[in-house]
file final.pdb (PDB, C-alpha atoms and all ligand atoms)
MODEL        1
ATOM      1  CA  MET A   1     139.266 -83.676 -27.763  1.00  0.00           C
ATOM      2  CA  LYS A   2     138.322 -85.926 -30.675  1.00  0.00           C
ATOM      3  CA  VAL A   3     140.048 -85.767 -34.072  1.00  0.00           C
ATOM      4  CA  GLU A   4     137.888 -87.075 -36.908  1.00  0.00           C
ATOM      5  CA  SER A   5     138.237 -87.622 -40.645  1.00  0.00           C
ATOM      6  CA  ALA A   6     136.562 -84.778 -42.493  1.00  0.00           C
ATOM      7  CA  ARG A   7     133.347 -85.451 -44.386  1.00  0.00           C
ATOM      8  CA  PRO A   8     132.308 -83.538 -47.516  1.00  0.00           C
ATOM      9  CA  GLU A   9     129.984 -81.344 -45.420  1.00  0.00           C
ATOM     10  CA  ASP A  10     133.000 -80.244 -43.333  1.00  0.00           C
ATOM     11  CA  LEU A  11     134.586 -78.533 -46.346  1.00  0.00           C
ATOM     12  CA  GLU A  12     132.692 -75.270 -45.986  1.00  0.00           C
ATOM     13  CA  PRO A  13     133.541 -74.645 -42.303  1.00  0.00           C
ATOM     14  CA  LEU A  14     137.074 -75.860 -42.987  1.00  0.00           C
ATOM     15  CA  ALA A  15     137.469 -73.337 -45.806  1.00  0.00           C
ATOM     16  CA  GLU A  16     136.147 -70.625 -43.483  1.00  0.00           C
ATOM     17  CA  LEU A  17     138.750 -71.523 -40.858  1.00  0.00           C
ATOM     18  CA  PHE A  18     141.637 -71.677 -43.349  1.00  0.00           C
ATOM     19  CA  GLU A  19     140.516 -68.399 -44.933  1.00  0.00           C
ATOM     20  CA  LEU A  20     140.603 -66.792 -41.499  1.00  0.00           C
ATOM     21  CA  LEU A  21     144.136 -68.071 -40.854  1.00  0.00           C
ATOM     22  CA  HIS A  22     145.571 -67.643 -44.369  1.00  0.00           C
ATOM     23  CA  PRO A  23     143.480 -65.003 -46.187  1.00  0.00           C
ATOM     24  CA  GLY A  24     143.391 -65.555 -49.934  1.00  0.00           C
ATOM     25  CA  ALA A  25     145.244 -68.853 -49.855  1.00  0.00           C
ATOM     26  CA  PHE A  26     142.477 -71.384 -49.183  1.00  0.00           C
ATOM     27  CA  ASP A  27     138.941 -70.376 -50.103  1.00  0.00           C
ATOM     28  CA  LEU A  28     136.122 -72.888 -50.611  1.00  0.00           C
ATOM     29  CA  GLU A  29     136.745 -73.163 -54.346  1.00  0.00           C
ATOM     30  CA  ILE A  30     140.426 -74.019 -53.868  1.00  0.00           C
ATOM     31  CA  LEU A  31     139.597 -76.435 -51.084  1.00  0.00           C
ATOM     32  CA  ARG A  32     136.994 -78.206 -53.252  1.00  0.00           C
ATOM     33  CA  GLN A  33     139.535 -78.522 -56.080  1.00  0.00           C
ATOM     34  CA  GLN A  34     142.134 -79.946 -53.704  1.00  0.00           C
ATOM     35  CA  TRP A  35     139.567 -82.300 -52.172  1.00  0.00           C
ATOM     36  CA  ALA A  36     138.692 -83.685 -55.615  1.00  0.00           C
ATOM     37  CA  LEU A  37     142.287 -84.798 -56.206  1.00  0.00           C
ATOM     38  CA  PRO A  38     143.070 -88.420 -55.396  1.00  0.00           C
ATOM     39  CA  GLY A  39     144.824 -88.931 -52.065  1.00  0.00           C
ATOM     40  CA  THR A  40     143.509 -85.750 -50.446  1.00  0.00           C
ATOM     41  CA  SER A  41     141.881 -85.967 -47.036  1.00  0.00           C
ATOM     42  CA  ALA A  42     141.431 -83.832 -43.954  1.00  0.00           C
ATOM     43  CA  LEU A  43     141.302 -84.187 -40.201  1.00  0.00           C
ATOM     44  CA  VAL A  44     139.006 -81.999 -38.132  1.00  0.00           C
ATOM     45  CA  VAL A  45     138.185 -81.213 -34.513  1.00  0.00           C
ATOM     46  CA  TRP A  46     134.628 -80.163 -33.710  1.00  0.00           C
ATOM     47  CA  LEU A  47     133.668 -78.733 -30.332  1.00  0.00           C
ATOM     48  CA  GLU A  48     130.094 -77.888 -29.402  1.00  0.00           C
ATOM     49  CA  GLY A  49     129.040 -77.540 -33.024  1.00  0.00           C
ATOM     50  CA  ARG A  50     132.002 -75.397 -34.001  1.00  0.00           C
ATOM     51  CA  LEU A  51     134.921 -76.467 -36.172  1.00  0.00           C
ATOM     52  CA  MET A  52     137.928 -75.659 -33.989  1.00  0.00           C
ATOM     53  CA  ALA A  53     140.862 -77.062 -35.958  1.00  0.00           C
ATOM     54  CA  GLY A  54     141.746 -78.818 -39.178  1.00  0.00           C
ATOM     55  CA  LEU A  55     144.522 -80.280 -41.268  1.00  0.00           C
ATOM     56  CA  LEU A  56     144.556 -80.913 -45.015  1.00  0.00           C
ATOM     57  CA  LEU A  57     146.684 -83.773 -46.270  1.00  0.00           C
ATOM     58  CA  ARG A  58     147.753 -85.222 -49.601  1.00  0.00           C
ATOM     59  CA  GLN A  59     149.074 -88.749 -49.871  1.00  0.00           C
ATOM     60  CA  VAL A  60     150.936 -89.986 -52.945  1.00  0.00           C
ATOM     61  CA  LEU A  61     152.187 -93.583 -52.716  1.00  0.00           C
ATOM     62  CA  ASP A  62     154.215 -93.823 -49.499  1.00  0.00           C
ATOM     63  CA  GLU A  63     154.662 -90.082 -49.018  1.00  0.00           C
ATOM     64  CA  ALA A  64     152.260 -87.612 -47.466  1.00  0.00           C
ATOM     65  CA  GLU A  65     152.258 -83.826 -47.456  1.00  0.00           C
ATOM     66  CA  VAL A  66     150.500 -81.549 -44.990  1.00  0.00           C
ATOM     67  CA  LEU A  67     149.008 -78.777 -47.131  1.00  0.00           C
ATOM     68  CA  VAL A  68     147.653 -76.665 -44.298  1.00  0.00           C
ATOM     69  CA  VAL A  69     147.018 -76.974 -40.585  1.00  0.00           C
ATOM     70  CA  GLY A  70     145.413 -74.505 -38.241  1.00  0.00           C
ATOM     71  CA  CYS A  71     143.172 -73.913 -35.296  1.00  0.00           C
ATOM     72  CA  ARG A  72     140.730 -71.257 -34.139  1.00  0.00           C
ATOM     73  CA  VAL A  73     142.295 -70.852 -30.697  1.00  0.00           C
ATOM     74  CA  SER A  74     145.989 -71.484 -30.205  1.00  0.00           C
ATOM     75  CA  ARG A  75     147.855 -73.137 -27.366  1.00  0.00           C
ATOM     76  CA  ARG A  76     144.997 -75.466 -26.441  1.00  0.00           C
ATOM     77  CA  GLY A  77     146.642 -78.590 -27.845  1.00  0.00           C
ATOM     78  CA  TYR A  78     144.723 -78.722 -31.157  1.00  0.00           C
ATOM     79  CA  GLY A  79     147.877 -78.683 -33.265  1.00  0.00           C
ATOM     80  CA  THR A  80     149.481 -81.451 -31.231  1.00  0.00           C
ATOM     81  CA  ARG A  81     146.358 -83.659 -31.361  1.00  0.00           C
ATOM     82  CA  LEU A  82     146.013 -83.165 -35.123  1.00  0.00           C
ATOM     83  CA  LEU A  83     149.636 -84.170 -35.700  1.00  0.00           C
ATOM     84  CA  GLU A  84     149.243 -87.228 -33.437  1.00  0.00           C
ATOM     85  CA  ALA A  85     146.173 -88.291 -35.400  1.00  0.00           C
ATOM     86  CA  LEU A  86     148.013 -87.591 -38.664  1.00  0.00           C
ATOM     87  CA  ARG A  87     150.876 -89.804 -37.579  1.00  0.00           C
ATOM     88  CA  ALA A  88     148.531 -92.670 -36.634  1.00  0.00           C
ATOM     89  CA  GLU A  89     146.582 -92.326 -39.887  1.00  0.00           C
ATOM     90  CA  CYS A  90     149.750 -92.257 -41.997  1.00  0.00           C
ATOM     91  CA  MET A  91     151.218 -95.281 -40.217  1.00  0.00           C
ATOM     92  CA  ALA A  92     147.997 -97.186 -40.858  1.00  0.00           C
ATOM     93  CA  GLN A  93     148.226 -96.226 -44.561  1.00  0.00           C
ATOM     94  CA  GLY A  94     151.856 -97.368 -44.880  1.00  0.00           C
ATOM     95  CA  VAL A  95     153.239 -93.862 -45.361  1.00  0.00           C
ATOM     96  CA  ALA A  96     157.040 -93.710 -44.949  1.00  0.00           C
ATOM     97  CA  ARG A  97     157.556 -89.943 -44.703  1.00  0.00           C
ATOM     98  CA  ILE A  98     155.387 -86.921 -44.026  1.00  0.00           C
ATOM     99  CA  PHE A  99     156.512 -83.558 -45.450  1.00  0.00           C
ATOM    100  CA  LEU A 100     155.404 -80.000 -44.873  1.00  0.00           C
ATOM    101  CA  GLU A 101     156.496 -76.472 -45.634  1.00  0.00           C
ATOM    102  CA  VAL A 102     156.451 -73.624 -43.179  1.00  0.00           C
ATOM    103  CA  ALA A 103     157.364 -69.949 -43.459  1.00  0.00           C
ATOM    104  CA  GLU A 104     160.670 -69.377 -41.728  1.00  0.00           C
ATOM    105  CA  ASP A 105     159.130 -66.662 -39.547  1.00  0.00           C
ATOM    106  CA  ASN A 106     156.170 -68.818 -38.373  1.00  0.00           C
ATOM    107  CA  HIS A 107     157.685 -69.603 -34.995  1.00  0.00           C
ATOM    108  CA  PRO A 108     154.567 -71.171 -33.385  1.00  0.00           C
ATOM    109  CA  ALA A 109     154.230 -73.646 -36.258  1.00  0.00           C
ATOM    110  CA  ILE A 110     157.960 -74.451 -36.290  1.00  0.00           C
ATOM    111  CA  ALA A 111     157.826 -75.099 -32.536  1.00  0.00           C
ATOM    112  CA  LEU A 112     154.773 -77.334 -32.990  1.00  0.00           C
ATOM    113  CA  TYR A 113     156.378 -79.400 -35.774  1.00  0.00           C
ATOM    114  CA  SER A 114     159.688 -79.754 -33.948  1.00  0.00           C
ATOM    115  CA  LYS A 115     157.887 -80.921 -30.827  1.00  0.00           C
ATOM    116  CA  ALA A 116     155.996 -83.491 -32.922  1.00  0.00           C
ATOM    117  CA  GLY A 117     159.300 -84.947 -34.143  1.00  0.00           C
ATOM    118  CA  PHE A 118     159.607 -83.283 -37.550  1.00  0.00           C
ATOM    119  CA  GLY A 119     163.132 -82.379 -38.597  1.00  0.00           C
ATOM    120  CA  ARG A 120     164.282 -79.701 -41.024  1.00  0.00           C
ATOM    121  CA  VAL A 121     165.369 -81.134 -44.380  1.00  0.00           C
ATOM    122  CA  GLY A 122     165.511 -78.134 -46.714  1.00  0.00           C
ATOM    123  CA  ARG A 123     164.775 -74.533 -47.600  1.00  0.00           C
ATOM    124  CA  ARG A 124     162.867 -73.027 -50.550  1.00  0.00           C
ATOM    125  CA  ARG A 125     164.018 -69.473 -51.146  1.00  0.00           C
ATOM    126  CA  GLY A 126     161.346 -66.795 -51.717  1.00  0.00           C
ATOM    127  CA  TYR A 127     158.616 -69.449 -51.705  1.00  0.00           C
ATOM    128  CA  TYR A 128     155.874 -67.264 -50.214  1.00  0.00           C
ATOM    129  CA  ARG A 129     154.208 -64.196 -51.737  1.00  0.00           C
ATOM    130  CA  SER A 130     155.650 -62.152 -48.871  1.00  0.00           C
ATOM    131  CA  GLY A 131     159.123 -63.130 -50.094  1.00  0.00           C
ATOM    132  CA  ALA A 132     159.731 -65.276 -47.008  1.00  0.00           C
ATOM    133  CA  ASP A 133     161.614 -68.530 -47.426  1.00  0.00           C
ATOM    134  CA  ALA A 134     159.857 -71.820 -46.770  1.00  0.00           C
ATOM    135  CA  LEU A 135     161.511 -74.368 -44.560  1.00  0.00           C
ATOM    136  CA  LEU A 136     160.866 -77.982 -45.518  1.00  0.00           C
ATOM    137  CA  TYR A 137     160.258 -80.359 -42.614  1.00  0.00           C
ATOM    138  CA  ALA A 138     159.889 -84.131 -42.653  1.00  0.00           C
ATOM    139  CA  LEU A 139     158.919 -86.905 -40.282  1.00  0.00           C
ATOM    140  CA  SER A 140     160.062 -90.473 -40.995  1.00  0.00           C
ATOM    141  CA  LEU A 141     157.669 -93.172 -39.894  1.00  0.00           C
ATOM    142  CA  ARG A 142     159.918 -96.168 -40.596  1.00  0.00           C
TER     143      ARG A 142
HETATM  144  C1  LIG H 201     150.677 -73.299 -35.600  1.00  0.00           C
HETATM  145  C2  LIG H 201     149.394 -73.758 -34.920  1.00  0.00           C
HETATM  146  C3  LIG H 201     148.686 -74.798 -35.795  1.00  0.00           C
HETATM  147  C4  LIG H 201     149.772 -74.387 -33.564  1.00  0.00           C
HETATM  148  O1  LIG H 201     148.628 -75.049 -33.038  1.00  0.00           O
HETATM  149  P1  LIG H 201     148.302 -75.039 -31.482  1.00  0.00           P
HETATM  150  O2  LIG H 201     147.000 -75.723 -31.295  1.00  0.00           O
HETATM  151  O3  LIG H 201     148.436 -73.680 -30.919  1.00  0.00           O
HETATM  152  O4  LIG H 201     149.481 -75.940 -30.904  1.00  0.00           O
HETATM  153  P2  LIG H 201     149.503 -76.669 -29.479  1.00  0.00           P
HETATM  154  O5  LIG H 201     148.572 -75.987 -28.527  1.00  0.00           O
HETATM  155  O6  LIG H 201     149.312 -78.122 -29.689  1.00  0.00           O
HETATM  156  O7  LIG H 201     150.982 -76.369 -29.033  1.00  0.00           O
HETATM  157  C5  LIG H 201     152.054 -77.264 -29.329  1.00  0.00           C
HETATM  158  C6  LIG H 201     153.365 -76.540 -29.235  1.00  0.00           C
HETATM  159  O8  LIG H 201     153.517 -75.619 -30.319  1.00  0.00           O
HETATM  160  C7  LIG H 201     154.262 -74.486 -29.872  1.00  0.00           C
HETATM  161  N1  LIG H 201     153.439 -73.263 -29.971  1.00  0.00           N
HETATM  162  C8  LIG H 201     152.117 -73.175 -30.247  1.00  0.00           C
HETATM  163  N2  LIG H 201     151.745 -71.871 -30.272  1.00  0.00           N
HETATM  164  C9  LIG H 201     152.853 -71.151 -30.024  1.00  0.00           C
HETATM  165  C10 LIG H 201     153.117 -69.753 -29.945  1.00  0.00           C
HETATM  166  N3  LIG H 201     152.140 -68.836 -30.123  1.00  0.00           N
HETATM  167  N4  LIG H 201     154.376 -69.363 -29.692  1.00  0.00           N
HETATM  168  C11 LIG H 201     155.360 -70.256 -29.517  1.00  0.00           C
HETATM  169  N5  LIG H 201     155.181 -71.604 -29.584  1.00  0.00           N
HETATM  170  C12 LIG H 201     153.946 -72.038 -29.821  1.00  0.00           C
HETATM  171  C13 LIG H 201     154.636 -74.764 -28.429  1.00  0.00           C
HETATM  172  O9  LIG H 201     155.869 -75.459 -28.435  1.00  0.00           O
HETATM  173  C14 LIG H 201     153.506 -75.672 -28.006  1.00  0.00           C
HETATM  174  O10 LIG H 201     153.793 -76.478 -26.894  1.00  0.00           O
HETATM  175  P3  LIG H 201     153.551 -75.885 -25.400  1.00  0.00           P
HETATM  176  O11 LIG H 201     152.177 -75.237 -25.388  1.00  0.00           O
HETATM  177  O12 LIG H 201     153.632 -77.109 -24.554  1.00  0.00           O
HETATM  178  O13 LIG H 201     154.649 -74.914 -25.175  1.00  0.00           O
HETATM  179  C15 LIG H 201     148.432 -72.561 -34.607  1.00  0.00           C
HETATM  180  O14 LIG H 201     149.177 -71.556 -33.938  1.00  0.00           O
HETATM  181  C16 LIG H 201     147.790 -71.938 -35.839  1.00  0.00           C
HETATM  182  O15 LIG H 201     146.693 -72.331 -36.243  1.00  0.00           O
HETATM  183  N6  LIG H 201     148.451 -70.946 -36.471  1.00  0.00           N
HETATM  184  C17 LIG H 201     147.924 -70.232 -37.620  1.00  0.00           C
HETATM  185  C18 LIG H 201     147.970 -71.092 -38.862  1.00  0.00           C
HETATM  186  C19 LIG H 201     149.377 -71.539 -39.203  1.00  0.00           C
HETATM  187  O16 LIG H 201     150.321 -70.777 -39.156  1.00  0.00           O
HETATM  188  N7  LIG H 201     149.508 -72.839 -39.593  1.00  0.00           N
HETATM  189  C20 LIG H 201     150.789 -73.442 -39.937  1.00  0.00           C
HETATM  190  C21 LIG H 201     151.189 -73.224 -41.359  1.00  0.00           C
HETATM  191  S1  LIG H 201     150.011 -73.947 -42.507  1.00  0.00           S
ENDMDL
END

call {"tool": "encode", "arguments": {"input": "final.pdb", "output": "structure tokens"}}
result
Amino acid sequence: MKVESARPEDLEPLAELFELLHPGAFDLEILRQQWALPGTSALVVWLEGRLMAGLLLRQVLDEAEVLVVGCRVSRRGYGTRLLEALRAECMAQGVARIFLEVAEDNHPAIALYSKAGFGRVGRRRGYYRSGADALLYALSLR
């Protein structure tokens, strides 16, 4: 499985994937706007001409934030490989800490992040439209 940096032509399939996973949260327009902001990049996994997984990232100085991560088929190691590639990329860029938010009831994602070494550093009450709290996770690279 090869994780690659996303190219502009990957945005459309990436938006399709994110829209499938988080309806209404990340359509192509939103993704294009995010992409245009300085420090935004994405990692993707293609398999036999199909975009299987992706991660959208924003870096500001020595901090990075994962905006969204997801895969078409779960439990095949895509999440783990994306986070490994993220870690390597961030270390190369001199990032000190990576942050992300996750809904407190998203147990697969919480398990993935914990396994990748992220630790819980906070809670944002009522953060999601559903009313669910967000848990804030961080990974220190120094
Ligand atoms: C969360 C998500 C990215 C995990 O990716 P993944 O490719 O399935 O993860 P991996 O196959 O690398 O699994 C890594 C670990 O995560 C945990 N995990 C993944 N799916 C799980 C599930 N359905 N239930 C419980 N734990 C799970 C396990 O600890 C797993 O390790 P194991 O298989 O050795 O037990 C994926 O389920 C997904 O795309 N979900 C929908 C989008 C989403 O919620 N994104 C996160 C918020 S933006």

call {"tool": "closest_atom_pairs", "arguments": {"input": "final.pdb", "of": "chain A", "to": "ligand LIG 201 (chain H)", "cutoff": "7 Å", "atoms": "all atoms listed in the file", "output": "JSON lines"}}
result
{"residue": "A:Leu21", "atom": "CA", "partner": "H:LIG201", "partner_atom": "C18", "distance": 5.3}
{"residue": "A:His22", "atom": "CA", "partner": "H:LIG201", "partner_atom": "C18", "distance": 6.9}
{"residue": "A:Leu67", "atom": "CA", "partner": "H:LIG201", "partner_atom": "S1", "distance": 6.8}
{"residue": "A:Val68", "atom": "CA", "partner": "H:LIG201", "partner_atom": "S1", "distance": 4.0}
{"residue": "A:Val69", "atom": "CA", "partner": "H:LIG201", "partner_atom": "S1", "distance": 4.7}
{"residue": "A:Gly70", "atom": "CA", "partner": "H:LIG201", "partner_atom": "O15", "distance": 3.2}
{"residue": "A:Cys71", "atom": "CA", "partner": "H:LIG201", "partner_atom": "O15", "distance": 4.0}
{"residue": "A:Arg72", "atom": "CA", "partner": "H:LIG201", "partner_atom": "O15", "distance": 6.4}
{"residue": "A:Val73", "atom": "CA", "partner": "H:LIG201", "partner_atom": "O3", "distance": 6.8}
{"residue": "A:Ser74", "atom": "CA", "partner": "H:LIG201", "partner_atom": "O3", "distance": 3.4}
{"residue": "A:Arg75", "atom": "CA", "partner": "H:LIG201", "partner_atom": "O5", "distance": 3.2}
{"residue": "A:Arg76", "atom": "CA", "partner": "H:LIG201", "partner_atom": "O5", "distance": 4.2}
{"residue": "A:Gly77", "atom": "CA", "partner": "H:LIG201", "partner_atom": "O6", "distance": 3.3}
{"residue": "A:Tyr78", "atom": "CA", "partner": "H:LIG201", "partner_atom": "O2", "distance": 3.8}
{"residue": "A:Gly79", "atom": "CA", "partner": "H:LIG201", "partner_atom": "O2", "distance": 3.7}
{"residue": "A:Thr80", "atom": "CA", "partner": "H:LIG201", "partner_atom": "O6", "distance": 3.7}
{"residue": "A:Arg81", "atom": "CA", "partner": "H:LIG201", "partner_atom": "O6", "distance": 6.5}
{"residue": "A:Val102", "atom": "CA", "partner": "H:LIG201", "partner_atom": "C21", "distance": 5.6}
{"residue": "A:Asn106", "atom": "CA", "partner": "H:LIG201", "partner_atom": "O16", "distance": 6.2}
{"residue": "A:His107", "atom": "CA", "partner": "H:LIG201", "partner_atom": "C11", "distance": 6.0}
{"residue": "A:Pro108", "atom": "CA", "partner": "H:LIG201", "partner_atom": "C12", "distance": 3.7}
{"residue": "A:Ala109", "atom": "CA", "partner": "H:LIG201", "partner_atom": "C1", "distance": 3.6}
{"residue": "A:Ala111", "atom": "CA", "partner": "H:LIG201", "partner_atom": "C7", "distance": 4.5}
{"residue": "A:Leu112", "atom": "CA", "partner": "H:LIG201", "partner_atom": "O8", "distance": 3.4}
{"residue": "A:Lys115", "atom": "CA", "partner": "H:LIG201", "partner_atom": "O9", "distance": 6.3}

call {"tool": "closest_residue", "arguments": {"input": "final.pdb", "among": "A:Lys2, A:Leu141, A:Gly131, A:Gly119", "to": "Arg97 (chain A)", "atoms": "only C-alpha atoms"}}
result
A:Leu141

call {"tool": "residues_around", "arguments": {"input": "final.pdb", "residues": "Tyr137 (chain A)", "least_positions_apart": "3", "cutoff": "7 Å", "atoms": "only C-alpha atoms", "output": "list in words"}}
result
Phe99, Leu100, Glu101, Phe118, Gly119, Arg120 and Val121 of chain A

call {"tool": "resolve_selection", "arguments": {"input": "final.pdb", "expression": "the PyMOL selection byres (((chain A and resi 63) around 12) and not hetatm)", "output": "list of chain:residue names"}}
result
A:Gly39, A:Leu57, A:Arg58, A:Gln59, A:Val60, A:Leu61, A:Asp62, A:Ala64, A:Glu65, A:Val66, A:Cys90, A:Met91, A:Gln93, A:Gly94, A:Val95, A:Ala96, A:Arg97, A:Ile98, A:Phe99, A:Leu100, A:Ala138, A:Leu139, A:Ser140, A:Leu141, A:Arg142

call {"tool": "residues_around", "arguments": {"input": "final.pdb", "residues": "Ala25 (chain A)", "least_positions_apart": "2", "cutoff": "12 Å", "atoms": "all atoms listed in the file", "output": "list of chain:residue names"}}
result
A:Ala15, A:Glu16, A:Leu17, A:Phe18, A:Glu19, A:Leu20, A:Leu21, A:His22, A:Pro23, A:Asp27, A:Leu28, A:Glu29, A:Ile30, A:Leu31, A:Leu67, A:Val68, A:Tyr128, A:Arg129

call {"tool": "axis_aligned_box", "arguments": {"input": "final.pdb", "around": "region 61-65 of chain A", "padding_each_side": "6 Å", "output": "JSON"}}
result
{"center_x": 153.4, "center_y": -88.8, "center_z": -50.1, "size_x": 14.5, "size_y": 22.0, "size_z": 17.3}

call {"tool": "decode", "arguments": {"input": "final.pdb", "residues": "region 79-87 of chain A", "atoms": "all heavy atoms", "output": "PDB file, in the first residue's frame"}}
result
ATOM      1  N   GLY A  79      -6.065   3.475   7.560  1.00  0.00           N
ATOM      2  CA  GLY A  79      -5.941   4.520   8.581  1.00  0.00           C
ATOM      3  C   GLY A  79      -4.556   4.521   9.199  1.00  0.00           C
ATOM      4  O   GLY A  79      -3.909   5.580   9.321  1.00  0.00           O
ATOM      5  N   THR A  80      -4.076   3.356   9.552  1.00  0.00           N
ATOM      6  CA  THR A  80      -2.749   3.230  10.165  1.00  0.00           C
ATOM      7  C   THR A  80      -1.663   3.733   9.226  1.00  0.00           C
ATOM      8  O   THR A  80      -0.790   4.507   9.626  1.00  0.00           O
ATOM      9  CB  THR A  80      -2.476   1.748  10.530  1.00  0.00           C
ATOM     10  OG1 THR A  80      -3.503   1.322  11.418  1.00  0.00           O
ATOM     11  CG2 THR A  80      -1.133   1.571  11.182  1.00  0.00           C
ATOM     12  N   ARG A  81      -1.723   3.335   7.948  1.00  0.00           N
ATOM     13  CA  ARG A  81      -0.694   3.750   6.979  1.00  0.00           C
ATOM     14  C   ARG A  81      -0.735   5.264   6.760  1.00  0.00           C
ATOM     15  O   ARG A  81       0.300   5.901   6.635  1.00  0.00           O
ATOM     16  CB  ARG A  81      -0.888   3.013   5.646  1.00  0.00           C
ATOM     17  CG  ARG A  81      -0.428   1.589   5.667  1.00  0.00           C
ATOM     18  CD  ARG A  81       1.116   1.467   5.794  1.00  0.00           C
ATOM     19  NE  ARG A  81       1.799   2.057   4.646  1.00  0.00           N
ATOM     20  CZ  ARG A  81       2.590   3.114   4.684  1.00  0.00           C
ATOM     21  NH1 ARG A  81       2.823   3.718   5.841  1.00  0.00           N
ATOM     22  NH2 ARG A  81       3.151   3.586   3.600  1.00  0.00           N
ATOM     23  N   LEU A  82      -1.937   5.827   6.716  1.00  0.00           N
ATOM     24  CA  LEU A  82      -2.044   7.285   6.535  1.00  0.00           C
ATOM     25  C   LEU A  82      -1.416   8.012   7.714  1.00  0.00           C
ATOM     26  O   LEU A  82      -0.702   9.001   7.539  1.00  0.00           O
ATOM     27  CB  LEU A  82      -3.515   7.698   6.385  1.00  0.00           C
ATOM     28  CG  LEU A  82      -4.146   7.460   5.024  1.00  0.00           C
ATOM     29  CD1 LEU A  82      -5.654   7.675   5.085  1.00  0.00           C
ATOM     30  CD2 LEU A  82      -3.534   8.388   3.961  1.00  0.00           C
ATOM     31  N   LEU A  83      -1.673   7.529   8.930  1.00  0.00           N
ATOM     32  CA  LEU A  83      -1.124   8.205  10.110  1.00  0.00           C
ATOM     33  C   LEU A  83       0.390   8.024  10.201  1.00  0.00           C
ATOM     34  O   LEU A  83       1.096   8.929  10.647  1.00  0.00           O
ATOM     35  CB  LEU A  83      -1.813   7.712  11.389  1.00  0.00           C
ATOM     36  CG  LEU A  83      -3.292   8.109  11.532  1.00  0.00           C
ATOM     37  CD1 LEU A  83      -3.840   7.634  12.878  1.00  0.00           C
ATOM     38  CD2 LEU A  83      -3.512   9.611  11.393  1.00  0.00           C
ATOM     39  N   GLU A  84       0.901   6.879   9.741  1.00  0.00           N
ATOM     40  CA  GLU A  84       2.364   6.687   9.698  1.00  0.00           C
ATOM     41  C   GLU A  84       2.995   7.674   8.723  1.00  0.00           C
ATOM     42  O   GLU A  84       4.015   8.293   9.012  1.00  0.00           O
ATOM     43  CB  GLU A  84       2.699   5.256   9.253  1.00  0.00           C
ATOM     44  CG  GLU A  84       2.501   4.215  10.338  1.00  0.00           C
ATOM     45  CD  GLU A  84       2.603   2.779   9.807  1.00  0.00           C
ATOM     46  OE1 GLU A  84       2.878   2.586   8.592  1.00  0.00           O
ATOM     47  OE2 GLU A  84       2.383   1.866  10.607  1.00  0.00           O
ATOM     48  N   ALA A  85       2.365   7.805   7.551  1.00  0.00           N
ATOM     49  CA  ALA A  85       2.884   8.730   6.542  1.00  0.00           C
ATOM     50  C   ALA A  85       2.775  10.176   7.035  1.00  0.00           C
ATOM     51  O   ALA A  85       3.670  10.997   6.802  1.00  0.00           O
ATOM     52  CB  ALA A  85       2.130   8.561   5.228  1.00  0.00           C
ATOM     53  N   LEU A  86       1.681  10.464   7.737  1.00  0.00           N
ATOM     54  CA  LEU A  86       1.493  11.811   8.303  1.00  0.00           C
ATOM     55  C   LEU A  86       2.625  12.129   9.281  1.00  0.00           C
ATOM     56  O   LEU A  86       3.214  13.210   9.242  1.00  0.00           O
ATOM     57  CB  LEU A  86       0.148  11.846   9.038  1.00  0.00           C
ATOM     58  CG  LEU A  86      -0.104  13.051   9.921  1.00  0.00           C
ATOM     59  CD1 LEU A  86      -0.408  14.263   9.062  1.00  0.00           C
ATOM     60  CD2 LEU A  86      -1.254  12.805  10.887  1.00  0.00           C
ATOM     61  N   ARG A  87       2.903  11.180  10.137  1.00  0.00           N
ATOM     62  CA  ARG A  87       3.955  11.363  11.133  1.00  0.00           C
ATOM     63  C   ARG A  87       5.306  11.647  10.453  1.00  0.00           C
ATOM     64  O   ARG A  87       6.007  12.592  10.822  1.00  0.00           O
ATOM     65  CB  ARG A  87       4.034  10.093  11.983  1.00  0.00           C
ATOM     66  CG  ARG A  87       4.934  10.208  13.159  1.00  0.00           C
ATOM     67  CD  ARG A  87       5.128   8.845  13.814  1.00  0.00           C
ATOM     68  NE  ARG A  87       5.910   8.997  14.997  1.00  0.00           N
ATOM     69  CZ  ARG A  87       5.471   8.760  16.225  1.00  0.00           C
ATOM     70  NH1 ARG A  87       4.272   8.323  16.430  1.00  0.00           N
ATOM     71  NH2 ARG A  87       6.251   8.963  17.261  1.00  0.00           N
TER      72      ARG A  87
END
